[in-house]
There are 2 protein chains.
Amino acid sequence: MNAKTLILAILNRQEATGYEIRKMCTEGPYSYFVDISYGSIYPTLAKLEEEELVSSRVEHHSGKPDRKIYQITEAGQHEFIASLANPPQPDKFKSEFLLIAMCAELGTKESVKIAIDERIAHVEEELKMIRSHHSECSHPGTCWVIEYGEHCMSNDLIFLKKKREELLDIAGRNDGFRTAAE
Amino acid sequence: MNAKTLILAILNRQEATGYEIRKMCTEGPYSYFVDISYGSIYPTLAKLEEEELVSSRVEHHSGKPDRKIYQITEAGQHEFIASLANPPQPDKFKSEFLLIAMCAELGTKESVKIAIDERIAHVEEELKMIRSHHSECSHPGTCWVIEYGEHCMSNDLIFLKKKREELLDIAGRNDGFRTAAE
DNA sequence: TAGGCCATGTAACCGGTTACATGATTAG
DNA sequence: CTAATCATGTAACCGGTTACATGGCCTA
């Protein structure tokens, strides 16, 4: 999924500034799709306006920076809905942690411990975030997605906690050799 | 995770040609990390050889293309192990399907049905693949990762099947309007 | 008064993909 | 006979990131 589709998806729900769009991509429920940064948001917004898929108005506030608020146009809505209709590309999952786990015997018990504990903490934090969204959720599709995320992450967490010791044992087997070699 | 680390990880286990590396990235257990294509594998391999992190030898076979087989060097092993030690970047998950689900009410019951059924089929296929790897797995770290994948995907599948109807209902609510409007 | 938040935008760069070029062998 | 598999590699392109420029307000 590219920046264009994601921005259209956001603007289809609510008007927003580039700054707000970026926030939603990193914090809100949209963060479960992609992260995009200013460097791609602003140019994409400009392109979309050129194509007349979005329009904008500027609000002036004394003492605050101007806000350039973007809305989706009718053409933009059509474009977005059309793009939803063609079947989605398969999900992608990338994990550096999994590489560390796969090569656990090459690390020390200590380094693997840091990796898995950080991973557990991270999933717990995301779960907390996703649950906070759930309580304030009224839109059915968003609800569905949030429940999906909650389901996956809490199961993820169960595995991570249950199999933590096992992974540390794999890492620990060679610690003796290593110490002897140093 | 970049191509360099992934290739080093593969070569740390076994020597391989560029062609074989690509296969492992798309089919083997390495596919749970990243997909990389020839266009990035061959140039990366050349760069790694320049840096003397890998070396290569060429095998000639009558009637078959030459095989340029790469091995990791000692320097390469050190580099790889060192890269495992620093804590991993957070996992990333991207899903176009989830965007369709989030905007279910904008699609027809039919289009959403195609999306979720395709998604279910895809996860089922991956599960089958991962299970076939599991049976032939002897390396403990790889085993751990495969079990992790199996756990996550089978739970994913449970949710998808249980909540399928619910999602279709969200999509179906407006089908009446749409038909009337056409 | 230092740092964070609001807010917009650009330019250089980079990692990767897509498509192409080449060509023999083998299985259906 | 056709398609797939083996096998290596390049060039153009593209989508996105990082870092920079700018600047006022508010909070600790």
# chains A, B, ... in the order shown; residues from 1 in each chain; ligands from 1

$ residues_around --residues "DG4 in chain C" --least-positions-apart "5" --cutoff "12 Å" --atoms "only C-alpha atoms (C1' of nucleotides)" --output "count of residues only"
4

$ interface_residues --of "chain A" --to "chain B" --cutoff "7 Å" --atoms "only C-alpha atoms" --output "ChimeraX atom specification"
/A:1,32-34,81,84-85,87-89,91-98,100-104,106-107,111,115,140-142,145,148,152,155-156,159,170

$ closest_atom_pairs --of "chain B" --to "chain C" --cutoff "8 Å" --atoms "only C-alpha atoms (C1' of nucleotides)" --output "tab-separated table"
residue	atom	partner	partner_atom	distance
B:Asn2	CA	C:DG15	C1'	8.0
B:Ile36	CA	C:DG16	C1'	7.9
B:Ser37	CA	C:DT17	C1'	7.6
B:Gly39	CA	C:DT17	C1'	7.2
B:Ser40	CA	C:DG16	C1'	6.5
B:Gly63	CA	C:DA24	C1'	6.1
B:Lys64	CA	C:DA24	C1'	6.4
B:Pro65	CA	C:DA24	C1'	7.4

$ closest_atom_pairs --of "chain B" --to "chain D" --cutoff "9 Å" --atoms "only C-alpha atoms (C1' of nucleotides)" --output "JSON lines"
{"residue": "B:Thr17", "atom": "CA", "partner": "D:DA7", "partner_atom": "C1'", "distance": 8.9}
{"residue": "B:Gly18", "atom": "CA", "partner": "D:DT8", "partner_atom": "C1'", "distance": 8.2}
{"residue": "B:Tyr19", "atom": "CA", "partner": "D:DA7", "partner_atom": "C1'", "distance": 6.6}
{"residue": "B:Tyr38", "atom": "CA", "partner": "D:DG9", "partner_atom": "C1'", "distance": 8.6}
{"residue": "B:Gly39", "atom": "CA", "partner": "D:DG9", "partner_atom": "C1'", "distance": 8.4}
{"residue": "B:Tyr42", "atom": "CA", "partner": "D:DG9", "partner_atom": "C1'", "distance": 7.2}
{"residue": "B:Pro43", "atom": "CA", "partner": "D:DG9", "partner_atom": "C1'", "distance": 8.6}
{"residue": "B:Lys64", "atom": "CA", "partner": "D:DC6", "partner_atom": "C1'", "distance": 7.4}
{"residue": "B:Pro65", "atom": "CA", "partner": "D:DA7", "partner_atom": "C1'", "distance": 5.4}
{"residue": "B:Asp66", "atom": "CA", "partner": "D:DA7", "partner_atom": "C1'", "distance": 6.9}
{"residue": "B:Arg67", "atom": "CA", "partner": "D:DA7", "partner_atom": "C1'", "distance": 7.0}
{"residue": "B:Lys68", "atom": "CA", "partner": "D:DT8", "partner_atom": "C1'", "distance": 8.6}

$ write_last_selection --atoms "all heavy atoms" --output "short mmCIF file (atom, residue, chain, number, x, y, z; two decimals), in the first residue's frame"
data_model
loop_
_atom_site.label_atom_id
_atom_site.label_comp_id
_atom_site.auth_asym_id
_atom_site.auth_seq_id
_atom_site.Cartn_x
_atom_site.Cartn_y
_atom_site.Cartn_z
N THR B 17 24.22 -20.20 -4.01
CA THR B 17 24.31 -19.30 -5.16
C THR B 17 23.26 -18.20 -4.99
O THR B 17 22.35 -18.32 -4.16
CB THR B 17 23.99 -20.04 -6.47
OG1 THR B 17 22.62 -20.47 -6.45
CG2 THR B 17 24.88 -21.26 -6.63
N GLY B 18 23.37 -17.15 -5.80
CA GLY B 18 22.39 -16.07 -5.75
C GLY B 18 20.99 -16.60 -6.01
O GLY B 18 20.02 -16.21 -5.35
N TYR B 19 20.93 -17.50 -6.94
CA TYR B 19 19.65 -18.09 -7.30
C TYR B 19 19.01 -18.83 -6.12
O TYR B 19 17.82 -18.69 -5.86
CB TYR B 19 19.87 -19.07 -8.46
CG TYR B 19 18.61 -19.62 -9.05
CD1 TYR B 19 17.89 -18.90 -9.99
CD2 TYR B 19 18.13 -20.87 -8.66
CE1 TYR B 19 16.74 -19.41 -10.54
CE2 TYR B 19 16.97 -21.38 -9.21
CZ TYR B 19 16.28 -20.65 -10.15
OH TYR B 19 15.13 -21.15 -10.70
N TYR B 38 16.20 -10.74 -7.32
CA TYR B 38 17.50 -10.78 -7.98
C TYR B 38 18.15 -9.42 -8.05
O TYR B 38 19.35 -9.28 -7.83
CB TYR B 38 17.34 -11.33 -9.40
CG TYR B 38 16.87 -12.75 -9.45
CD1 TYR B 38 15.83 -13.15 -10.25
CD2 TYR B 38 17.51 -13.71 -8.68
CE1 TYR B 38 15.41 -14.46 -10.30
CE2 TYR B 38 17.09 -15.04 -8.71
CZ TYR B 38 16.05 -15.40 -9.53
OH TYR B 38 15.63 -16.70 -9.56
N GLY B 39 17.34 -8.44 -8.39
CA GLY B 39 17.84 -7.08 -8.57
C GLY B 39 18.55 -6.53 -7.36
O GLY B 39 19.34 -5.58 -7.47
N TYR B 42 22.01 -9.93 -6.34
CA TYR B 42 23.29 -9.99 -7.04
C TYR B 42 24.17 -8.78 -6.75
O TYR B 42 25.35 -8.95 -6.43
CB TYR B 42 23.07 -10.21 -8.55
CG TYR B 42 22.63 -11.62 -8.86
CD1 TYR B 42 21.38 -11.89 -9.37
CD2 TYR B 42 23.48 -12.69 -8.61
CE1 TYR B 42 20.98 -13.19 -9.65
CE2 TYR B 42 23.07 -14.00 -8.88
CZ TYR B 42 21.82 -14.23 -9.40
OH TYR B 42 21.42 -15.52 -9.66
N PRO B 43 23.65 -7.57 -6.82
CA PRO B 43 24.50 -6.42 -6.47
C PRO B 43 25.00 -6.48 -5.02
O PRO B 43 26.14 -6.14 -4.75
CB PRO B 43 23.59 -5.22 -6.68
CG PRO B 43 22.56 -5.66 -7.64
CD PRO B 43 22.34 -7.12 -7.34
N LYS B 64 24.73 -27.00 -18.19
CA LYS B 64 24.01 -26.17 -17.21
C LYS B 64 24.74 -24.86 -17.02
O LYS B 64 25.95 -24.76 -17.28
CB LYS B 64 23.94 -26.90 -15.87
CG LYS B 64 22.82 -27.92 -15.79
CD LYS B 64 22.78 -28.54 -14.41
CE LYS B 64 21.77 -29.69 -14.38
NZ LYS B 64 21.82 -30.40 -13.11
N PRO B 65 24.02 -23.84 -16.56
CA PRO B 65 24.71 -22.56 -16.33
C PRO B 65 25.75 -22.72 -15.24
O PRO B 65 25.63 -23.60 -14.38
CB PRO B 65 23.58 -21.63 -15.87
CG PRO B 65 22.31 -22.30 -16.21
CD PRO B 65 22.60 -23.75 -16.24
N ASP B 66 26.78 -21.90 -15.29
CA ASP B 66 27.78 -21.90 -14.22
C ASP B 66 27.10 -21.56 -12.90
O ASP B 66 26.13 -20.79 -12.87
CB ASP B 66 28.85 -20.85 -14.50
CG ASP B 66 29.80 -21.32 -15.60
OD1 ASP B 66 29.62 -22.45 -16.08
OD2 ASP B 66 30.70 -20.54 -15.96
N ARG B 67 27.62 -22.12 -11.84
CA ARG B 67 27.11 -21.79 -10.51
C ARG B 67 28.19 -21.03 -9.75
O ARG B 67 29.30 -21.51 -9.58
CB ARG B 67 26.80 -23.07 -9.73
CG ARG B 67 25.55 -23.79 -10.20
CD ARG B 67 25.49 -25.21 -9.66
NE ARG B 67 25.58 -25.25 -8.20
CZ ARG B 67 24.54 -25.08 -7.38
NH1 ARG B 67 23.35 -24.87 -7.88
NH2 ARG B 67 24.70 -25.15 -6.07
N LYS B 68 27.84 -19.83 -9.35
CA LYS B 68 28.79 -19.04 -8.57
C LYS B 68 28.38 -19.19 -7.11
O LYS B 68 27.38 -18.63 -6.67
CB LYS B 68 28.71 -17.57 -9.00
CG LYS B 68 29.90 -16.75 -8.53
CD LYS B 68 29.92 -15.41 -9.24
CE LYS B 68 31.02 -14.51 -8.70
NZ LYS B 68 30.91 -13.16 -9.29
#

$ select_by_dssp --residues "range 47-158 of chain B" --states "alpha helix (DSSP H)" --output "number ranges by chain"
B: 47-50, 74-85, 96-102, 109-135, 140-158

$ atom_distance --atom1 "CA of Cys25 in chain B" --atom2 "CA of Gly76 in chain B"
19.5 Å

$ atom_distance --atom1 "CA of Ser55 in chain B" --atom2 "CA of Glu27 in chain B"
24.6 Å

$ atom_distance --atom1 "CA of Ile10 in chain B" --atom2 "CA of Leu48 in chain B"
13.2 Å

$ residues_around --residues "Asp169 in chain B" --least-positions-apart "4" --cutoff "9 Å" --atoms "only C-alpha atoms (C1' of nucleotides)" --output "MDAnalysis selection string"
chainID B and resid 105 109 164:165 173
